[in-house]
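The structure under discussion appears below in the form of structure tokens.
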Amino acid sequence: MNKFKILFVGIWLFLWGCATQTQQVQFSKSQSITQTQEVLSPALTDPKVKEVGFDIDDTVLFSSPAFERGFASGNPYGSDEFWAIVNSSDKGVSKIKQKTRKIIEEHLKRGHKVYFITARRDVEGEKLKEFLSRELGIPKQNIFFAPHGKTQLIKQLGIDAFYGDSDSDMRYAIEAGAMPIRILRSPKSSYKRSYNPGSFDEFIIPDSEE
Ligand SMILES: [Mg+2]
């Protein structure tokens, strides 16, 4: 009788040990999955965010080569001729920033509305719209030119989070009541002003320079 008891307790302990071990393995597996999952942007995990906006230069596009064409033409910065050259050049020389592309794709997957707002002037702006629309699948009517500040537009469109490289973008976002998110500027960008990442206590997207 005792032998049976010992055998029974032995089997029970063995089974219990196996079950505990399986639980432990499952726990550590799920933990490591959570740890290695990349958090792209806080706007992708916040359920309140449904509409997002992006600045264009140095945020969506590495566009310094397009600006260099404008400057090389000899037309003064800000003239119609200058902007016509810049806005027509992106298709050939500007590059979509890879981290930003990933983030835009994730927002679209979630059914979020995506807007682009640039401080450029709308001279031959249709060419920039066509280029971005074809490359990233954003409807042309969601792309705006706002050379006199972006705050009003961010508010009017109901944008919940706004991505940009410049301090001014962070300021516009905060003024409009949107979440400010910083995209890092490429060190190769020819634009060096208005750039102090972290100075608005904003979230900074890691590895977003290129
Ligand atoms: Mg910019």
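How things are named: the first chain in the structure tokens is A, the next is B, and so on; residues count from 1 in each chain; ligands count from 1 in the order shown.
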
I'd like the neighbourhood of region 72-89 of chain A as a PDB file with N, CA and C atoms, in the first residue's frame, where a residue qualifies if any of its atoms comes within 7 Å (using only C-alpha atoms), though same-chain residues fewer than 3 positions away should be ignored.
```
ATOM      1  N   ALA A  66      17.194  68.992 -53.764  1.00  0.00           N
ATOM      2  CA  ALA A  66      16.214  69.805 -54.506  1.00  0.00           C
ATOM      3  C   ALA A  66      16.433  71.294 -54.204  1.00  0.00           C
ATOM      4  N   PHE A  67      16.696  71.606 -52.933  1.00  0.00           N
ATOM      5  CA  PHE A  67      16.979  72.996 -52.552  1.00  0.00           C
ATOM      6  C   PHE A  67      18.283  73.477 -53.190  1.00  0.00           C
ATOM      7  N   GLU A  68      19.281  72.590 -53.244  1.00  0.00           N
ATOM      8  CA  GLU A  68      20.561  72.969 -53.860  1.00  0.00           C
ATOM      9  C   GLU A  68      20.358  73.352 -55.327  1.00  0.00           C
ATOM     10  N   ARG A  69      19.447  72.667 -56.017  1.00  0.00           N
ATOM     11  CA  ARG A  69      19.133  73.021 -57.401  1.00  0.00           C
ATOM     12  C   ARG A  69      18.533  74.424 -57.468  1.00  0.00           C
ATOM     13  N   GLY A  92      13.250  63.757 -59.019  1.00  0.00           N
ATOM     14  CA  GLY A  92      14.537  63.257 -59.500  1.00  0.00           C
ATOM     15  C   GLY A  92      15.594  63.087 -58.423  1.00  0.00           C
ATOM     16  N   VAL A  93      15.594  63.962 -57.414  1.00  0.00           N
ATOM     17  CA  VAL A  93      16.759  63.980 -56.512  1.00  0.00           C
ATOM     18  C   VAL A  93      16.469  63.772 -55.014  1.00  0.00           C
ATOM     19  N   ARG A 121       6.304  77.210 -50.501  1.00  0.00           N
ATOM     20  CA  ARG A 121       5.221  77.889 -51.214  1.00  0.00           C
ATOM     21  C   ARG A 121       4.717  77.023 -52.363  1.00  0.00           C
ATOM     22  N   VAL A 123       4.228  76.785 -55.625  1.00  0.00           N
ATOM     23  CA  VAL A 123       4.518  77.153 -57.011  1.00  0.00           C
ATOM     24  C   VAL A 123       4.960  75.856 -57.671  1.00  0.00           C
ATOM     25  N   GLU A 124       4.222  75.384 -58.656  1.00  0.00           N
ATOM     26  CA  GLU A 124       4.440  74.040 -59.224  1.00  0.00           C
ATOM     27  C   GLU A 124       4.280  72.977 -58.129  1.00  0.00           C
ATOM     28  N   GLY A 125       3.439  73.279 -57.154  1.00  0.00           N
ATOM     29  CA  GLY A 125       3.256  72.377 -56.014  1.00  0.00           C
ATOM     30  C   GLY A 125       2.630  71.046 -56.401  1.00  0.00           C
ATOM     31  N   LYS A 127       3.502  69.124 -58.642  1.00  0.00           N
ATOM     32  CA  LYS A 127       4.561  68.132 -58.929  1.00  0.00           C
ATOM     33  C   LYS A 127       5.029  67.441 -57.648  1.00  0.00           C
ATOM     34  N   LEU A 128       5.151  68.228 -56.571  1.00  0.00           N
ATOM     35  CA  LEU A 128       5.516  67.641 -55.275  1.00  0.00           C
ATOM     36  C   LEU A 128       4.395  66.722 -54.785  1.00  0.00           C
TER      37      LEU A 128
END
```

Could you pull out the residues sitting within 7 Å of ligand 1, using only C-alpha atoms and all ligand atoms, and write them as a compact mmCIF listing (two decimals) with C-alpha atoms, in the first residue's frame?
```txt
# COMPACT_ATOMS: atom_id res chain seq x y z
CA ASP A 55 6.23 68.10 -42.09
CA ILE A 56 7.88 67.33 -45.46
CA ASP A 57 11.49 68.61 -45.68
CA ASP A 58 13.89 66.58 -43.52
CA THR A 59 10.89 64.71 -42.07
CA GLY A 164 8.62 67.24 -37.75
CA ASP A 165 12.37 67.81 -37.67
CA SER A 166 12.39 71.51 -36.74
```

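Minimum distance to Asp46 (chain A) across A:Gln152, A:Pro147, A:His107, A:Ile204 (counting only C-alpha atoms) occurs at A:His107.
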
State, in Å with one decimal place, the distance from CA of Tyr163 (chain A) to CA of Val52 (chain A).
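We find that CA of Tyr163 (chain A) and CA of Val52 (chain A) lie 7.9 Å from each other.
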
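For Tyr115 (chain A), the non-local neighbours within 7 Å, defined as residues at least 6 positions apart in the same chain or in other chains and counting only C-alpha atoms, are Val52, Gly53, Phe54, Asn142 and Ile143 of chain A.
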
Write the residues of the preceding selection, restricted to N, CA and C atoms, as a PDB file, in the first residue's frame.
```
ATOM      1  N   VAL A  52      -2.953  62.014 -38.199  1.00  0.00           N
ATOM      2  CA  VAL A  52      -1.584  62.457 -37.947  1.00  0.00           C
ATOM      3  C   VAL A  52      -1.081  63.333 -39.090  1.00  0.00           C
ATOM      4  N   GLY A  53      -0.153  64.229 -38.764  1.00  0.00           N
ATOM      5  CA  GLY A  53       0.424  65.113 -39.770  1.00  0.00           C
ATOM      6  C   GLY A  53       1.938  64.993 -39.786  1.00  0.00           C
ATOM      7  N   PHE A  54       2.510  65.258 -40.950  1.00  0.00           N
ATOM      8  CA  PHE A  54       3.965  65.229 -41.107  1.00  0.00           C
ATOM      9  C   PHE A  54       4.422  66.485 -41.837  1.00  0.00           C
ATOM     10  N   ASN A 142      -4.652  65.654 -49.299  1.00  0.00           N
ATOM     11  CA  ASN A 142      -4.165  65.652 -47.907  1.00  0.00           C
ATOM     12  C   ASN A 142      -2.801  66.325 -47.768  1.00  0.00           C
ATOM     13  N   ILE A 143      -2.328  66.935 -48.865  1.00  0.00           N
ATOM     14  CA  ILE A 143      -1.009  67.580 -48.835  1.00  0.00           C
ATOM     15  C   ILE A 143      -1.201  69.099 -48.938  1.00  0.00           C
TER      16      ILE A 143
END
```

Among region 38-137 of chain A, which residues does DSSP mark as helix (DSSP H, G or I) when it is run on the backbone? Keep the chain and numbering as in the structure and answer as a PyMOL selection string.
chain A and resi 42-45+64-72+80-93+98-109+125-136

Counting only C-alpha atoms, what is within 9 Å of Phe200 (chain A), bar same-chain residues fewer than 5 positions away, as a list of chain:residue names?
A:Asp167, A:Met170, A:Arg171, A:Ile174, A:Pro180

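Our summary of the geometry notes that CA of Glu38 (chain A) is positioned 26.0 Å from CA of Leu132 (chain A).
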
Neighbour list for Ile103 (chain A) as a VMD selection string, cut-off 12 Å, only C-alpha atoms, skip fewer than 2 positions in-chain
chain A and resid 38 to 45 52 to 54 59 to 60 96 to 101 105 to 110 112 114 136 163 181 183 205 to 206 208

Selection file, C-alpha atoms, as a CSV table (one decimal), in the first residue's frame:
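Dumped everything to again07.csv:
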```
chain,number,residue,atom,x,y,z
A,38,GLU,CA,10.2,47.8,-31.7
A,39,VAL,CA,8.1,50.8,-30.5
A,40,LEU,CA,8.1,52.9,-33.7
A,41,SER,CA,6.1,55.9,-32.4
A,42,PRO,CA,3.9,56.7,-29.4
A,43,ALA,CA,1.2,57.9,-31.8
A,44,LEU,CA,0.9,54.3,-33.1
A,45,THR,CA,0.1,52.9,-29.6
A,52,VAL,CA,-1.6,62.5,-37.9
A,53,GLY,CA,0.4,65.1,-39.8
A,54,PHE,CA,4.0,65.2,-41.1
A,59,THR,CA,10.9,64.7,-42.1
A,60,VAL,CA,9.3,62.8,-45.0
A,96,ILE,CA,12.0,59.3,-48.9
A,97,LYS,CA,13.3,58.8,-45.3
A,98,GLN,CA,13.1,55.2,-44.4
A,99,LYS,CA,12.1,55.3,-40.8
A,100,THR,CA,9.4,57.9,-41.7
A,101,ARG,CA,8.1,55.7,-44.5
A,105,GLU,CA,2.8,52.7,-43.5
A,106,GLU,CA,1.9,51.7,-39.9
A,107,HIS,CA,-0.5,54.6,-39.5
A,108,LEU,CA,-2.2,53.7,-42.8
A,109,LYS,CA,-2.5,50.1,-41.7
A,110,ARG,CA,-4.4,51.3,-38.6
A,112,HIS,CA,-5.4,56.6,-39.6
A,114,VAL,CA,-2.3,61.0,-42.8
A,136,LEU,CA,3.6,56.9,-50.2
A,163,TYR,CA,5.9,64.8,-36.8
A,181,ILE,CA,7.0,64.0,-32.3
A,183,ILE,CA,12.1,63.1,-36.6
A,205,ILE,CA,12.1,58.8,-33.0
A,206,PRO,CA,15.4,56.9,-32.7
A,208,SER,CA,15.2,58.5,-38.0
```

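Within 8 Å of Ala119 (chain A), once only C-alpha atoms are used and residues closer than 5 positions along the same chain are dropped, the contacting residues are Phe145, Ala146, Pro147, His148, Gly149 and Lys150 of chain A.
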
Could you tell me which of A:Pro65, A:Gly111, A:Pro197, A:Pro47 comes closest to Asp169 (chain A) if we count only C-alpha atoms?
A:Pro197
